[in-house]
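Worksheet: the structure to be examined is printed underneath.
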Amino acid sequence: MKIKDLLVDASAQLNSDEAALEAQLLLQHLLNVNRAWLIAHQNDALEVNIHEAYRALIIRRINGEPVAYILGCREFYGLKLKVTPDTLIPRPDTETLVEVALEKIAPNLLLSICDLGTGTGAIALAIAKNRPNAEVMAVDFSAKALDVARQNAQDLAILNCQFLQSDWLSALKNQRFDVIVSNPPYIKSNDQHLKQGDLRFEPLCALASGKDGLDDINTIISQAKNHLKPSGWLMLEHGYDQAESVAALLKIAGFSEVRHAQDLAGIQRVTLGRLI
């Protein structure tokens, strides 16, 4: 079977909105080639053992396994990141949080940044890469997730990022930061989406947070007051319908200049406030 026919057949089996793209990505991964190579060689025939290996990947995807876990990587803010089932899969929506943080981090200043629940290190490493003068601390409760984040930092040759295992800010003692960012768990624990799609395969502890989804956000806001420098910023990603709730929590905790930032879909995805 020619490459073009193999891709058409795989796309039909996947039968999703992104079937063609996913079929292509999986074949690129298997052959260790880029998209341009596939196009240039679309009339080439592949050996039977390649067909079998490709079919195995397609079956994994049909069974619901996320493409990022099959490939072992995901691109985020221009960085190619290692991804494992021990980490949340970085998503484009979270790039909004990086953009908002970079607006507050002057390139020429030696500012200190903390990323809570770093997972793959996506947010921390994107900030560290784009602000080489900043000192970034990437925090996660999961030792396995931190191993992935450290590996990503090493692979990307990003040196201005440190890693710490901690239950949010509890292990940071008296350390204070100019900016604290977090994409914490914010899905309601009884949300049916947790049993659908890619979410079924991702670590539940990185997704769900109590009956209203705000348990961890509440904890972070409470702890952050003692770990921000004067006039420091706290920035939180949250669910599509949680912006006003998060803003209210920030104001109650004494934060000022509370505002929201929209993602590419126009959804209020990030809420931030400044410590008075």
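If you're wondering about the labels, chains in the structure tokens are A, B, ... by order shown, residues count from 1 in each chain, ligands from 1 in order shown.
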Item to check | Selection: 9 Å around Leu164 (chain A), only C-alpha atoms, excl. self and same-chain fewer than 4 positions, as a list in words | outcome: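 Selected residues are Met137, Ala138, Val139, Asp140, Phe141, Ala143, Leu146, Ala171 and Leu172 of chain A.
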Output for the residues just chosen: N, CA and C atoms as a PDB file, in the first residue's frame:
ATOM      1  N   MET A 137      11.151  28.994  39.231  1.00  0.00           N
ATOM      2  CA  MET A 137      11.022  27.814  40.082  1.00  0.00           C
ATOM      3  C   MET A 137       9.792  27.034  39.625  1.00  0.00           C
ATOM      4  N   ALA A 138      10.008  25.780  39.225  1.00  0.00           N
ATOM      5  CA  ALA A 138       8.919  24.915  38.775  1.00  0.00           C
ATOM      6  C   ALA A 138       8.586  23.930  39.885  1.00  0.00           C
ATOM      7  N   VAL A 139       7.339  23.947  40.339  1.00  0.00           N
ATOM      8  CA  VAL A 139       6.924  23.165  41.498  1.00  0.00           C
ATOM      9  C   VAL A 139       5.863  22.145  41.092  1.00  0.00           C
ATOM     10  N   ASP A 140       5.995  20.933  41.622  1.00  0.00           N
ATOM     11  CA  ASP A 140       4.948  19.930  41.430  1.00  0.00           C
ATOM     12  C   ASP A 140       4.977  18.960  42.596  1.00  0.00           C
ATOM     13  N   PHE A 141       3.811  18.420  42.928  1.00  0.00           N
ATOM     14  CA  PHE A 141       3.708  17.432  44.000  1.00  0.00           C
ATOM     15  C   PHE A 141       4.207  16.066  43.543  1.00  0.00           C
ATOM     16  N   ALA A 143       6.712  13.530  41.903  1.00  0.00           N
ATOM     17  CA  ALA A 143       8.122  13.347  41.595  1.00  0.00           C
ATOM     18  C   ALA A 143       8.300  12.895  40.144  1.00  0.00           C
ATOM     19  N   LEU A 146       7.990  15.854  37.853  1.00  0.00           N
ATOM     20  CA  LEU A 146       9.203  16.673  37.925  1.00  0.00           C
ATOM     21  C   LEU A 146      10.346  16.062  37.137  1.00  0.00           C
ATOM     22  N   ALA A 171       6.408  23.814  50.712  1.00  0.00           N
ATOM     23  CA  ALA A 171       7.825  23.510  50.929  1.00  0.00           C
ATOM     24  C   ALA A 171       8.744  24.682  50.606  1.00  0.00           C
ATOM     25  N   LEU A 172       8.181  25.834  50.281  1.00  0.00           N
ATOM     26  CA  LEU A 172       9.001  26.971  49.860  1.00  0.00           C
ATOM     27  C   LEU A 172       9.382  27.886  51.007  1.00  0.00           C
TER      28      LEU A 172
END
Next on the checklist: I'd like the contact shell of region 182-188 of chain A - 6 Å cut-off, only C-alpha atoms, skipping same-chain residues fewer than 6 positions apart - returned as a ChimeraX atom specification.
Outcome noted: /A:115-116,206-214,236-238
Contact check, region 174-251 of chain A to region 55-79 of chain A, at most 12 Å, counting only C-alpha atoms, closest pairs as CSV:
residue,atom,partner,partner_atom,distance
A:Lys195,CA,A:Gly64,CA,11.0
A:Gln196,CA,A:Gly64,CA,8.8
A:Gly197,CA,A:Gly64,CA,6.3
A:Asp198,CA,A:Pro66,CA,5.3
A:Leu199,CA,A:Pro66,CA,8.6
A:Arg200,CA,A:Gly64,CA,8.3
A:Phe201,CA,A:Glu65,CA,6.7
A:Glu202,CA,A:Pro66,CA,8.8
Next on the checklist: List the spatial neighbours of Asn152 (chain A) as a ChimeraX atom specification - criterion: any atom at most 6 Å away, only C-alpha atoms, same-chain residues fewer than 3 positions off excluded.
Outcome noted: /A:81,149,155
Export of the given selection (C-alpha atoms) as a compact mmCIF listing (two decimals), in the first residue's frame:
# COMPACT_ATOMS: atom_id res chain seq x y z
CA LEU A 81 8.12 18.84 25.24
CA ALA A 149 10.04 18.56 33.50
CA ASP A 155 16.71 18.71 26.26
Checklist entry - In region 32-266 of chain A, what's alpha helix (DSSP H) per DSSP? Answer as a ChimeraX atom specification? => result /A:35-40,48-62,67-71,95-104,122-130,143-155,215-224,243-252
Checklist entry - Where does DSSP see strand (DSSP E or B) in region 157-240 of chain A, if you list the residues as a PyMOL selection string? => result chain A and resi 161-165+177-182+187+208+228-237
Write out, as CSV, each residue of region 204-234 of chain A that has an atom at most 8 Å from region 271-276 of chain A, together with the closest pair of atoms and their distance in Å to one decimal, counting only C-alpha atoms, rows going by chain and rising number.
residue,atom,partner,partner_atom,distance
A:Lys225,CA,A:Leu275,CA,7.1
A:Leu228,CA,A:Leu275,CA,7.3
A:Lys229,CA,A:Leu275,CA,7.9
A:Pro230,CA,A:Leu275,CA,6.4
A:Ser231,CA,A:Leu275,CA,4.9
A:Gly232,CA,A:Leu275,CA,5.5
A:Trp233,CA,A:Arg274,CA,4.5
A:Leu234,CA,A:Leu272,CA,5.5
Checklist entry - CA of Pro90 (chain A) to CA of Lys251 (chain A): how many Å, to one decimal? => result 28.7 Å
Next on the checklist: Could you check the closest approach to Gly239 (chain A) for each of A:Gln151, A:Asn226, A:Asn32, A:Gln262 and tell me which residue wins, using only C-alpha atoms?
Outcome noted: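 Ranking A:Gln151, A:Asn226, A:Asn32, A:Gln262 by distance to Gly239 (chain A), first place goes to A:Gln262.
Using only C-alpha atoms, the smallest distance between any of A:Thr96, A:Ser189, A:Gln28, A:Thr118 and Gly266 (chain A) comes from A:Thr96.
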Checklist entry - Nearest to Glu95 (chain A): which of A:Asn108, A:Ala248, A:Leu125, A:Gln13 is it, counting only C-alpha atoms? => result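 Using only C-alpha atoms, Glu95 (chain A) sits closest to A:Leu125.
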